[in-house]
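File shown: final-v7.txt. Contents: compact mmCIF, N, CA and C atoms.
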```
# COMPACT_ATOMS: atom_id res chain seq x y z
N MET G 27 21.01 22.61 2.94
CA MET G 27 20.32 23.27 1.86
C MET G 27 20.26 24.76 2.17
N ASP G 28 20.73 25.56 1.23
CA ASP G 28 20.74 27.01 1.43
C ASP G 28 19.63 27.67 0.61
N ASP G 29 19.57 29.00 0.68
CA ASP G 29 18.53 29.75 -0.02
C ASP G 29 18.58 29.55 -1.54
N LEU G 30 19.78 29.43 -2.09
CA LEU G 30 19.93 29.21 -3.53
C LEU G 30 19.35 27.85 -3.94
N ASP G 31 19.60 26.82 -3.14
CA ASP G 31 19.00 25.51 -3.41
C ASP G 31 17.48 25.60 -3.35
N ARG G 32 16.97 26.35 -2.39
CA ARG G 32 15.52 26.51 -2.27
C ARG G 32 14.95 27.23 -3.49
N LYS G 33 15.66 28.21 -4.01
CA LYS G 33 15.22 28.91 -5.23
C LYS G 33 15.19 27.96 -6.41
N ILE G 34 16.22 27.13 -6.53
CA ILE G 34 16.26 26.14 -7.62
C ILE G 34 15.06 25.20 -7.52
N LEU G 35 14.79 24.70 -6.32
CA LEU G 35 13.66 23.80 -6.12
C LEU G 35 12.34 24.49 -6.45
N ALA G 36 12.20 25.75 -6.04
CA ALA G 36 10.96 26.49 -6.32
C ALA G 36 10.76 26.64 -7.83
N GLU G 37 11.80 26.98 -8.54
CA GLU G 37 11.70 27.16 -9.99
C GLU G 37 11.36 25.84 -10.68
N LEU G 38 12.01 24.76 -10.27
CA LEU G 38 11.75 23.47 -10.90
C LEU G 38 10.36 22.94 -10.58
N GLN G 39 9.84 23.26 -9.40
CA GLN G 39 8.47 22.85 -9.08
C GLN G 39 7.47 23.57 -9.95
N GLU G 40 7.76 24.82 -10.26
CA GLU G 40 6.85 25.60 -11.11
C GLU G 40 6.94 25.16 -12.57
N GLU G 41 8.16 24.86 -13.02
CA GLU G 41 8.36 24.51 -14.42
C GLU G 41 9.53 23.53 -14.53
N GLY G 42 9.23 22.26 -14.46
CA GLY G 42 10.25 21.22 -14.43
C GLY G 42 11.01 21.02 -15.73
N ARG G 43 10.53 21.63 -16.80
CA ARG G 43 11.19 21.46 -18.09
C ARG G 43 12.11 22.62 -18.44
N LEU G 44 12.46 23.43 -17.45
CA LEU G 44 13.39 24.53 -17.69
C LEU G 44 14.72 23.97 -18.17
N SER G 45 15.31 24.64 -19.14
CA SER G 45 16.67 24.26 -19.50
C SER G 45 17.59 24.72 -18.38
N ILE G 46 18.76 24.14 -18.32
CA ILE G 46 19.71 24.53 -17.28
C ILE G 46 20.09 26.00 -17.44
N THR G 47 20.14 26.49 -18.66
CA THR G 47 20.45 27.91 -18.92
C THR G 47 19.36 28.81 -18.36
N GLU G 48 18.09 28.46 -18.60
CA GLU G 48 16.98 29.25 -18.07
C GLU G 48 16.96 29.20 -16.55
N LEU G 49 17.18 28.03 -16.00
CA LEU G 49 17.20 27.87 -14.55
C LEU G 49 18.30 28.73 -13.93
N ALA G 50 19.49 28.66 -14.49
CA ALA G 50 20.62 29.44 -13.98
C ALA G 50 20.29 30.92 -13.99
N GLY G 51 19.69 31.41 -15.07
CA GLY G 51 19.33 32.82 -15.17
C GLY G 51 18.30 33.24 -14.12
N ARG G 52 17.34 32.38 -13.87
CA ARG G 52 16.28 32.71 -12.91
C ARG G 52 16.79 32.76 -11.47
N VAL G 53 17.81 31.96 -11.16
CA VAL G 53 18.31 31.93 -9.78
C VAL G 53 19.59 32.73 -9.60
N GLY G 54 20.07 33.36 -10.67
CA GLY G 54 21.24 34.23 -10.56
C GLY G 54 22.58 33.50 -10.53
N LEU G 55 22.68 32.38 -11.24
CA LEU G 55 23.93 31.63 -11.32
C LEU G 55 24.34 31.48 -12.78
N THR G 56 25.59 31.08 -12.99
CA THR G 56 26.00 30.66 -14.32
C THR G 56 25.61 29.19 -14.48
N VAL G 57 25.74 28.67 -15.68
CA VAL G 57 25.25 27.33 -15.99
C VAL G 57 25.93 26.24 -15.15
N SER G 58 27.25 26.26 -15.06
CA SER G 58 27.96 25.17 -14.36
C SER G 58 27.56 25.05 -12.89
N PRO G 59 27.58 26.14 -12.11
CA PRO G 59 27.16 26.00 -10.71
C PRO G 59 25.69 25.58 -10.57
N ALA G 60 24.83 26.06 -11.47
CA ALA G 60 23.42 25.69 -11.41
C ALA G 60 23.26 24.19 -11.68
N GLN G 61 23.99 23.70 -12.67
CA GLN G 61 23.92 22.28 -12.99
C GLN G 61 24.46 21.42 -11.86
N ARG G 62 25.56 21.86 -11.25
CA ARG G 62 26.15 21.12 -10.14
C ARG G 62 25.18 21.07 -8.96
N ARG G 63 24.56 22.20 -8.64
CA ARG G 63 23.60 22.23 -7.52
C ARG G 63 22.39 21.34 -7.81
N MET G 64 21.94 21.36 -9.05
CA MET G 64 20.79 20.54 -9.41
C MET G 64 21.14 19.05 -9.27
N ARG G 65 22.30 18.65 -9.72
CA ARG G 65 22.74 17.26 -9.57
C ARG G 65 22.86 16.89 -8.10
N ASP G 66 23.40 17.81 -7.29
CA ASP G 66 23.51 17.55 -5.84
C ASP G 66 22.14 17.37 -5.20
N LEU G 67 21.17 18.18 -5.63
CA LEU G 67 19.81 18.06 -5.10
C LEU G 67 19.18 16.72 -5.51
N GLU G 68 19.48 16.27 -6.71
CA GLU G 68 18.98 14.96 -7.15
C GLU G 68 19.64 13.83 -6.34
N ARG G 69 20.95 13.89 -6.18
CA ARG G 69 21.68 12.85 -5.45
C ARG G 69 21.27 12.78 -3.98
N SER G 70 21.00 13.95 -3.39
CA SER G 70 20.63 13.97 -1.97
C SER G 70 19.20 13.48 -1.73
N GLY G 71 18.42 13.40 -2.79
CA GLY G 71 17.03 12.97 -2.64
C GLY G 71 16.05 14.11 -2.47
N ALA G 72 16.55 15.37 -2.47
CA ALA G 72 15.63 16.51 -2.38
C ALA G 72 14.75 16.56 -3.63
N ILE G 73 15.32 16.22 -4.79
CA ILE G 73 14.55 16.06 -6.02
C ILE G 73 14.42 14.56 -6.22
N THR G 74 13.18 14.08 -6.18
CA THR G 74 12.95 12.64 -6.26
C THR G 74 12.59 12.16 -7.66
N GLY G 75 12.34 13.08 -8.59
CA GLY G 75 12.01 12.68 -9.96
C GLY G 75 11.36 13.83 -10.70
N TYR G 76 11.03 13.55 -11.94
CA TYR G 76 10.39 14.53 -12.82
C TYR G 76 9.21 13.85 -13.49
N ARG G 77 8.12 14.60 -13.68
CA ARG G 77 6.95 14.03 -14.34
C ARG G 77 6.09 15.14 -14.93
N ALA G 78 5.25 14.74 -15.86
CA ALA G 78 4.26 15.66 -16.42
C ALA G 78 3.05 15.67 -15.50
N ILE G 79 2.44 16.81 -15.33
CA ILE G 79 1.19 16.90 -14.58
C ILE G 79 0.07 16.82 -15.61
N VAL G 80 -0.75 15.79 -15.51
CA VAL G 80 -1.76 15.49 -16.51
C VAL G 80 -3.15 15.81 -15.96
N ASP G 81 -4.00 16.38 -16.80
CA ASP G 81 -5.39 16.63 -16.42
C ASP G 81 -6.11 15.28 -16.36
N PRO G 82 -6.61 14.88 -15.19
CA PRO G 82 -7.26 13.56 -15.08
C PRO G 82 -8.48 13.43 -16.00
N ASN G 83 -9.14 14.53 -16.27
CA ASN G 83 -10.31 14.48 -17.16
C ASN G 83 -9.92 14.07 -18.58
N ALA G 84 -8.69 14.43 -18.99
CA ALA G 84 -8.21 14.04 -20.32
C ALA G 84 -8.06 12.52 -20.42
N LEU G 85 -7.91 11.86 -19.28
CA LEU G 85 -7.79 10.40 -19.24
C LEU G 85 -9.13 9.72 -18.94
N GLY G 86 -10.17 10.52 -18.84
CA GLY G 86 -11.49 9.98 -18.52
C GLY G 86 -11.68 9.70 -17.05
N LEU G 87 -10.79 10.20 -16.20
CA LEU G 87 -10.88 9.98 -14.75
C LEU G 87 -11.58 11.18 -14.11
N GLU G 88 -12.87 11.23 -14.28
CA GLU G 88 -13.64 12.41 -13.89
C GLU G 88 -14.24 12.33 -12.50
N PHE G 89 -14.07 11.20 -11.82
CA PHE G 89 -14.68 11.01 -10.50
C PHE G 89 -13.58 10.89 -9.46
N GLU G 90 -13.71 11.67 -8.39
CA GLU G 90 -12.70 11.62 -7.32
C GLU G 90 -13.40 11.44 -5.98
N ALA G 91 -12.79 10.63 -5.14
CA ALA G 91 -13.31 10.40 -3.80
C ALA G 91 -12.15 10.40 -2.81
N ILE G 92 -12.45 10.82 -1.60
CA ILE G 92 -11.55 10.69 -0.48
C ILE G 92 -12.14 9.57 0.38
N VAL G 93 -11.31 8.59 0.68
CA VAL G 93 -11.79 7.42 1.42
C VAL G 93 -11.06 7.37 2.76
N PHE G 94 -11.83 7.32 3.83
CA PHE G 94 -11.27 7.16 5.16
C PHE G 94 -11.43 5.69 5.55
N VAL G 95 -10.33 5.09 5.99
CA VAL G 95 -10.33 3.67 6.32
C VAL G 95 -10.07 3.51 7.81
N THR G 96 -10.95 2.78 8.46
CA THR G 96 -10.75 2.42 9.86
C THR G 96 -10.44 0.93 9.89
N MET G 97 -9.35 0.61 10.55
CA MET G 97 -8.89 -0.77 10.61
C MET G 97 -9.52 -1.50 11.79
N GLY G 98 -9.87 -2.77 11.60
CA GLY G 98 -10.36 -3.60 12.67
C GLY G 98 -9.21 -4.29 13.39
N GLN G 99 -8.15 -4.55 12.65
CA GLN G 99 -6.93 -5.14 13.21
C GLN G 99 -5.79 -4.17 12.94
N GLU G 100 -4.96 -3.96 13.95
CA GLU G 100 -3.87 -3.01 13.78
C GLU G 100 -2.52 -3.60 14.15
N ASP G 101 -2.40 -4.91 14.04
CA ASP G 101 -1.09 -5.51 14.28
C ASP G 101 -0.18 -5.19 13.09
N ARG G 102 1.10 -5.26 13.32
CA ARG G 102 2.09 -4.87 12.32
C ARG G 102 1.91 -5.62 11.00
N GLU G 103 1.70 -6.92 11.08
CA GLU G 103 1.55 -7.74 9.87
C GLU G 103 0.35 -7.30 9.03
N THR G 104 -0.76 -7.03 9.68
CA THR G 104 -1.97 -6.61 8.98
C THR G 104 -1.78 -5.24 8.34
N LEU G 105 -1.19 -4.31 9.09
CA LEU G 105 -0.98 -2.97 8.55
C LEU G 105 -0.04 -3.00 7.34
N LEU G 106 1.02 -3.77 7.43
CA LEU G 106 1.95 -3.88 6.30
C LEU G 106 1.27 -4.51 5.09
N ALA G 107 0.46 -5.54 5.31
CA ALA G 107 -0.27 -6.19 4.21
C ALA G 107 -1.27 -5.21 3.58
N PHE G 108 -1.98 -4.44 4.42
CA PHE G 108 -2.91 -3.43 3.92
C PHE G 108 -2.18 -2.40 3.07
N GLU G 109 -1.08 -1.86 3.60
CA GLU G 109 -0.34 -0.82 2.89
C GLU G 109 0.23 -1.33 1.57
N GLU G 110 0.72 -2.54 1.56
CA GLU G 110 1.25 -3.13 0.33
C GLU G 110 0.14 -3.30 -0.71
N ALA G 111 -1.02 -3.76 -0.26
CA ALA G 111 -2.15 -3.95 -1.17
C ALA G 111 -2.64 -2.61 -1.73
N VAL G 112 -2.74 -1.60 -0.88
CA VAL G 112 -3.18 -0.27 -1.33
C VAL G 112 -2.20 0.31 -2.35
N ALA G 113 -0.91 0.14 -2.10
CA ALA G 113 0.11 0.67 -3.01
C ALA G 113 0.01 0.05 -4.40
N ALA G 114 -0.58 -1.12 -4.51
CA ALA G 114 -0.70 -1.81 -5.79
C ALA G 114 -1.97 -1.45 -6.57
N ILE G 115 -2.83 -0.61 -6.01
CA ILE G 115 -4.09 -0.25 -6.67
C ILE G 115 -3.87 1.04 -7.47
N PRO G 116 -3.89 0.97 -8.80
CA PRO G 116 -3.59 2.15 -9.63
C PRO G 116 -4.53 3.34 -9.41
N SER G 117 -5.76 3.11 -9.04
CA SER G 117 -6.72 4.20 -8.83
C SER G 117 -6.44 5.01 -7.58
N VAL G 118 -5.62 4.49 -6.68
CA VAL G 118 -5.26 5.20 -5.45
C VAL G 118 -4.10 6.14 -5.77
N LEU G 119 -4.39 7.45 -5.73
CA LEU G 119 -3.38 8.45 -6.06
C LEU G 119 -2.57 8.89 -4.85
N LEU G 120 -3.16 8.74 -3.67
CA LEU G 120 -2.52 9.15 -2.43
C LEU G 120 -3.01 8.22 -1.33
N ALA G 121 -2.11 7.77 -0.51
CA ALA G 121 -2.49 6.95 0.65
C ALA G 121 -1.65 7.42 1.83
N GLN G 122 -2.31 7.79 2.91
CA GLN G 122 -1.62 8.29 4.09
C GLN G 122 -2.15 7.61 5.34
N ARG G 123 -1.21 7.22 6.21
CA ARG G 123 -1.59 6.68 7.51
C ARG G 123 -1.76 7.87 8.45
N LEU G 124 -2.82 7.86 9.24
CA LEU G 124 -3.17 8.97 10.11
C LEU G 124 -3.04 8.57 11.58
N PHE G 125 -2.89 9.57 12.44
CA PHE G 125 -3.00 9.33 13.88
C PHE G 125 -4.48 9.36 14.23
N GLY G 126 -4.89 8.50 15.12
CA GLY G 126 -6.28 8.51 15.58
C GLY G 126 -7.20 7.78 14.63
N ASP G 127 -8.47 8.15 14.69
CA ASP G 127 -9.49 7.51 13.87
C ASP G 127 -10.00 8.51 12.85
N PRO G 128 -10.02 8.24 11.61
CA PRO G 128 -9.72 6.99 10.94
C PRO G 128 -8.21 6.72 10.87
N ASP G 129 -7.87 5.54 10.41
CA ASP G 129 -6.47 5.13 10.38
C ASP G 129 -5.76 5.54 9.09
N TYR G 130 -6.50 5.57 7.97
CA TYR G 130 -5.90 5.90 6.67
C TYR G 130 -6.79 6.84 5.89
N LEU G 131 -6.16 7.61 5.02
CA LEU G 131 -6.85 8.46 4.06
C LEU G 131 -6.35 8.05 2.68
N LEU G 132 -7.29 7.79 1.77
CA LEU G 132 -6.96 7.45 0.39
C LEU G 132 -7.60 8.47 -0.54
N ARG G 133 -6.86 8.92 -1.51
CA ARG G 133 -7.41 9.79 -2.57
C ARG G 133 -7.50 8.92 -3.82
N VAL G 134 -8.71 8.83 -4.37
CA VAL G 134 -8.98 7.86 -5.43
C VAL G 134 -9.60 8.57 -6.64
N ARG G 135 -9.19 8.14 -7.85
CA ARG G 135 -9.76 8.65 -9.10
C ARG G 135 -10.25 7.47 -9.93
N THR G 136 -11.47 7.58 -10.42
CA THR G 136 -12.03 6.59 -11.34
C THR G 136 -12.78 7.31 -12.44
N THR G 137 -13.31 6.54 -13.39
CA THR G 137 -14.03 7.15 -14.50
C THR G 137 -15.38 7.72 -14.07
N ASP G 138 -16.06 7.04 -13.15
CA ASP G 138 -17.39 7.49 -12.74
C ASP G 138 -17.78 6.84 -11.41
N LEU G 139 -18.96 7.16 -10.95
CA LEU G 139 -19.45 6.63 -9.68
C LEU G 139 -19.57 5.11 -9.70
N ASP G 140 -20.03 4.56 -10.81
CA ASP G 140 -20.17 3.10 -10.89
C ASP G 140 -18.81 2.42 -10.77
N ALA G 141 -17.79 2.95 -11.42
CA ALA G 141 -16.45 2.37 -11.33
C ALA G 141 -15.93 2.47 -9.89
N TYR G 142 -16.22 3.59 -9.25
CA TYR G 142 -15.80 3.75 -7.86
C TYR G 142 -16.52 2.75 -6.96
N ALA G 143 -17.82 2.57 -7.16
CA ALA G 143 -18.60 1.64 -6.33
C ALA G 143 -18.05 0.22 -6.47
N ARG G 144 -17.69 -0.18 -7.70
CA ARG G 144 -17.10 -1.51 -7.90
C ARG G 144 -15.76 -1.61 -7.18
N LEU G 145 -14.95 -0.55 -7.28
CA LEU G 145 -13.65 -0.55 -6.61
C LEU G 145 -13.82 -0.69 -5.10
N GLN G 146 -14.77 0.04 -4.53
CA GLN G 146 -14.99 -0.04 -3.09
C GLN G 146 -15.50 -1.42 -2.68
N ASP G 147 -16.49 -1.91 -3.42
CA ASP G 147 -17.11 -3.19 -3.05
C ASP G 147 -16.19 -4.39 -3.30
N GLU G 148 -15.46 -4.38 -4.39
CA GLU G 148 -14.67 -5.55 -4.78
C GLU G 148 -13.22 -5.51 -4.32
N VAL G 149 -12.68 -4.31 -4.12
CA VAL G 149 -11.25 -4.20 -3.80
C VAL G 149 -11.04 -3.67 -2.38
N PHE G 150 -11.52 -2.46 -2.12
CA PHE G 150 -11.26 -1.85 -0.81
C PHE G 150 -11.84 -2.67 0.34
N ALA G 151 -13.06 -3.16 0.19
CA ALA G 151 -13.71 -3.92 1.27
C ALA G 151 -12.97 -5.23 1.56
N ALA G 152 -12.19 -5.72 0.59
CA ALA G 152 -11.47 -6.99 0.77
C ALA G 152 -10.03 -6.78 1.24
N LEU G 153 -9.62 -5.55 1.47
CA LEU G 153 -8.25 -5.30 1.92
C LEU G 153 -8.04 -5.83 3.33
N PRO G 154 -6.82 -6.29 3.63
CA PRO G 154 -6.53 -6.86 4.96
C PRO G 154 -6.83 -5.88 6.10
N GLY G 155 -7.58 -6.37 7.10
CA GLY G 155 -7.79 -5.62 8.33
C GLY G 155 -8.84 -4.52 8.30
N VAL G 156 -9.49 -4.28 7.17
CA VAL G 156 -10.45 -3.17 7.07
C VAL G 156 -11.71 -3.47 7.86
N GLN G 157 -12.07 -2.52 8.73
CA GLN G 157 -13.32 -2.63 9.48
C GLN G 157 -14.39 -1.76 8.84
N ARG G 158 -14.01 -0.51 8.46
CA ARG G 158 -15.02 0.42 7.95
C ARG G 158 -14.39 1.32 6.89
N LEU G 159 -15.17 1.62 5.86
CA LEU G 159 -14.79 2.57 4.82
C LEU G 159 -15.80 3.70 4.84
N ASN G 160 -15.31 4.93 4.78
CA ASN G 160 -16.18 6.09 4.74
C ASN G 160 -15.70 6.97 3.59
N SER G 161 -16.55 7.14 2.58
CA SER G 161 -16.15 7.89 1.39
C SER G 161 -16.78 9.26 1.36
N THR G 162 -16.00 10.22 0.93
CA THR G 162 -16.48 11.57 0.69
C THR G 162 -16.22 11.88 -0.77
N LEU G 163 -17.23 12.30 -1.49
CA LEU G 163 -17.07 12.58 -2.91
C LEU G 163 -16.57 14.01 -3.10
N VAL G 164 -15.62 14.17 -3.99
CA VAL G 164 -15.04 15.49 -4.25
C VAL G 164 -15.92 16.22 -5.25
N MET G 165 -16.41 17.40 -4.84
CA MET G 165 -17.25 18.20 -5.70
C MET G 165 -16.41 19.06 -6.65
N LYS G 166 -15.31 19.61 -6.11
CA LYS G 166 -14.50 20.55 -6.88
C LYS G 166 -13.12 20.64 -6.24
N SER G 167 -12.08 20.65 -7.06
CA SER G 167 -10.72 20.83 -6.54
C SER G 167 -10.38 22.32 -6.58
N ILE G 168 -9.97 22.85 -5.46
CA ILE G 168 -9.61 24.26 -5.36
C ILE G 168 -8.10 24.42 -5.54
N VAL G 169 -7.32 23.61 -4.83
CA VAL G 169 -5.86 23.62 -4.93
C VAL G 169 -5.44 22.19 -5.21
N SER G 170 -4.62 22.00 -6.23
CA SER G 170 -4.18 20.66 -6.57
C SER G 170 -2.74 20.70 -7.05
N ASP G 171 -1.94 19.77 -6.54
CA ASP G 171 -0.53 19.66 -6.94
C ASP G 171 0.23 20.97 -6.81
N ARG G 172 -0.04 21.70 -5.77
CA ARG G 172 0.67 22.95 -5.51
C ARG G 172 2.12 22.65 -5.14
N PRO G 173 3.06 23.44 -5.66
CA PRO G 173 4.46 23.24 -5.24
C PRO G 173 4.62 23.47 -3.74
N TYR G 174 5.61 22.79 -3.16
CA TYR G 174 5.89 23.00 -1.74
C TYR G 174 6.44 24.40 -1.52
N PRO G 175 6.13 25.02 -0.39
CA PRO G 175 6.72 26.32 -0.10
C PRO G 175 8.23 26.20 0.01
N SER G 176 8.94 27.23 -0.41
CA SER G 176 10.40 27.14 -0.44
C SER G 176 11.05 27.51 0.87
N ALA G 177 10.30 27.98 1.83
CA ALA G 177 10.91 28.37 3.11
C ALA G 177 10.54 27.45 4.22
```

Can you give me the file's structure in the form of C-alpha cells?
Amino acid sequence: MDDLDRKILAELQEEGRLSITELAGRVGLTVSPAQRRMRDLERSGAITGYRAIVDPNALGLEFEAIVFVTMGQEDRETLLAFEEAVAAIPSVLLAQRLFGDPDYLLRVRTTDLDAYARLQDEVFAALPGVQRLNSTLVMKSIVSDRPYPSA
C-alpha cells in the first residue's frame, strides 16, 4: 500500500459516497487508475465494506454502556462459546478480547436503562463462562466512528 492508496482510503472514510470522478480529483488521478486502485483495495481486504453512519438516537437507542466481562472459565471451548454468543446479540456494537483483567470489553446500545438492565440480567449474565460483569454508563460521546489515521 502506497501513499496514493492511503489518500484514497482517507477520502473514502470521510465520505464513502464519493463518485469515482470526485475521488479521482481529490487524490490527483484520472478516473481509470482511481477505479482500479479502489477495486484493488476492496479485493485485498483493505476496504471491507460500505455503510451509512446512523445517529443511534434516531433509532431510539439513547442509552450506551461499556461492559467489562471477567471470565470464570477460560478454556478454549468456553471462550469460543462466549464469543459466538456475544456476536449474536444485536445490542452489542463492539466486542473486544483484552489482555489481563477484565477479559472482554463490550460496547452496548439500548433504548433506556431498563432495557439495558434486562439485557444484563437475562442475557449477559447467562453467557458461557461469565464470572463478573462491570458496567460503566456512557455520559457523553466525545469521539465516535473516527476514520483511521492514514499514516

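Taking atom CA of Leu159 of chain G and atom CA of Thr96 of chain G as endpoints, the distance between them is 6.5 Å.
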
Please provide as a list of chain:residue names all residues within 8 Å of segment 51-60 of chain G, with the sequence filter that same-chain residues fewer than 4 positions apart are discarded (counting only C-alpha atoms). G:Leu30, G:Lys33, G:Ile34, G:Glu37, G:Ile46, G:Thr47, G:Met64

Take the point (-9.8, -1.5, 9.5) as written in the file and pick out every residue within 5 Å of it, counting only N, CA and C atoms; give the list as a ChimeraX atom specification. /G:96-99,155-158

Leaving out segment 72-89 of chain G and any residue of its chain fewer than 5 positions from it, which residues lie within 6 Å of it when counting only N, CA and C atoms, given as a PyMOL selection string? chain G and resi 67+134-139

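Counting from atom CA of Leu105 of chain G, the distance to atom CA of Pro154 of chain G is 7.7 Å.
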
Please return, as a PyMOL selection string, all residues of chain G that DSSP assigns to strand (DSSP E) on the basis of the backbone. chain G and resi 89-97+118-123+130-136+156-163

Reconstruct N, CA, C and O atoms of segment 31-43 of chain G from the incomplete input and present them as a CSV table (one decimal), in the coordinates of the input.
```
chain,number,residue,atom,x,y,z
G,31,ASP,N,19.6,26.8,-3.1
G,31,ASP,CA,19.0,25.5,-3.4
G,31,ASP,C,17.5,25.6,-3.4
G,31,ASP,O,16.8,25.0,-4.2
G,32,ARG,N,17.0,26.4,-2.4
G,32,ARG,CA,15.5,26.5,-2.3
G,32,ARG,C,15.0,27.2,-3.5
G,32,ARG,O,13.9,26.9,-4.0
G,33,LYS,N,15.7,28.2,-4.0
G,33,LYS,CA,15.2,28.9,-5.2
G,33,LYS,C,15.2,28.0,-6.4
G,33,LYS,O,14.3,28.0,-7.2
G,34,ILE,N,16.2,27.1,-6.5
G,34,ILE,CA,16.3,26.1,-7.6
G,34,ILE,C,15.1,25.2,-7.5
G,34,ILE,O,14.4,24.9,-8.5
G,35,LEU,N,14.8,24.7,-6.3
G,35,LEU,CA,13.7,23.8,-6.1
G,35,LEU,C,12.3,24.5,-6.4
G,35,LEU,O,11.5,23.9,-7.1
G,36,ALA,N,12.2,25.8,-6.0
G,36,ALA,CA,11.0,26.5,-6.3
G,36,ALA,C,10.8,26.6,-7.8
G,36,ALA,O,9.6,26.4,-8.3
G,37,GLU,N,11.8,27.0,-8.5
G,37,GLU,CA,11.7,27.2,-10.0
G,37,GLU,C,11.4,25.8,-10.7
G,37,GLU,O,10.5,25.8,-11.6
G,38,LEU,N,12.0,24.8,-10.3
G,38,LEU,CA,11.8,23.5,-10.9
G,38,LEU,C,10.4,22.9,-10.6
G,38,LEU,O,9.7,22.3,-11.4
G,39,GLN,N,9.8,23.3,-9.4
G,39,GLN,CA,8.5,22.8,-9.1
G,39,GLN,C,7.5,23.6,-10.0
G,39,GLN,O,6.4,23.0,-10.3
G,40,GLU,N,7.8,24.8,-10.3
G,40,GLU,CA,6.8,25.6,-11.1
G,40,GLU,C,6.9,25.2,-12.6
G,40,GLU,O,5.9,25.1,-13.3
G,41,GLU,N,8.2,24.9,-13.0
G,41,GLU,CA,8.4,24.5,-14.4
G,41,GLU,C,9.5,23.5,-14.5
G,41,GLU,O,10.7,23.9,-14.7
G,42,GLY,N,9.2,22.3,-14.5
G,42,GLY,CA,10.2,21.2,-14.4
G,42,GLY,C,11.0,21.0,-15.7
G,42,GLY,O,12.0,20.3,-15.8
G,43,ARG,N,10.5,21.6,-16.8
G,43,ARG,CA,11.2,21.5,-18.1
G,43,ARG,C,12.1,22.6,-18.4
G,43,ARG,O,12.5,22.8,-19.6
```
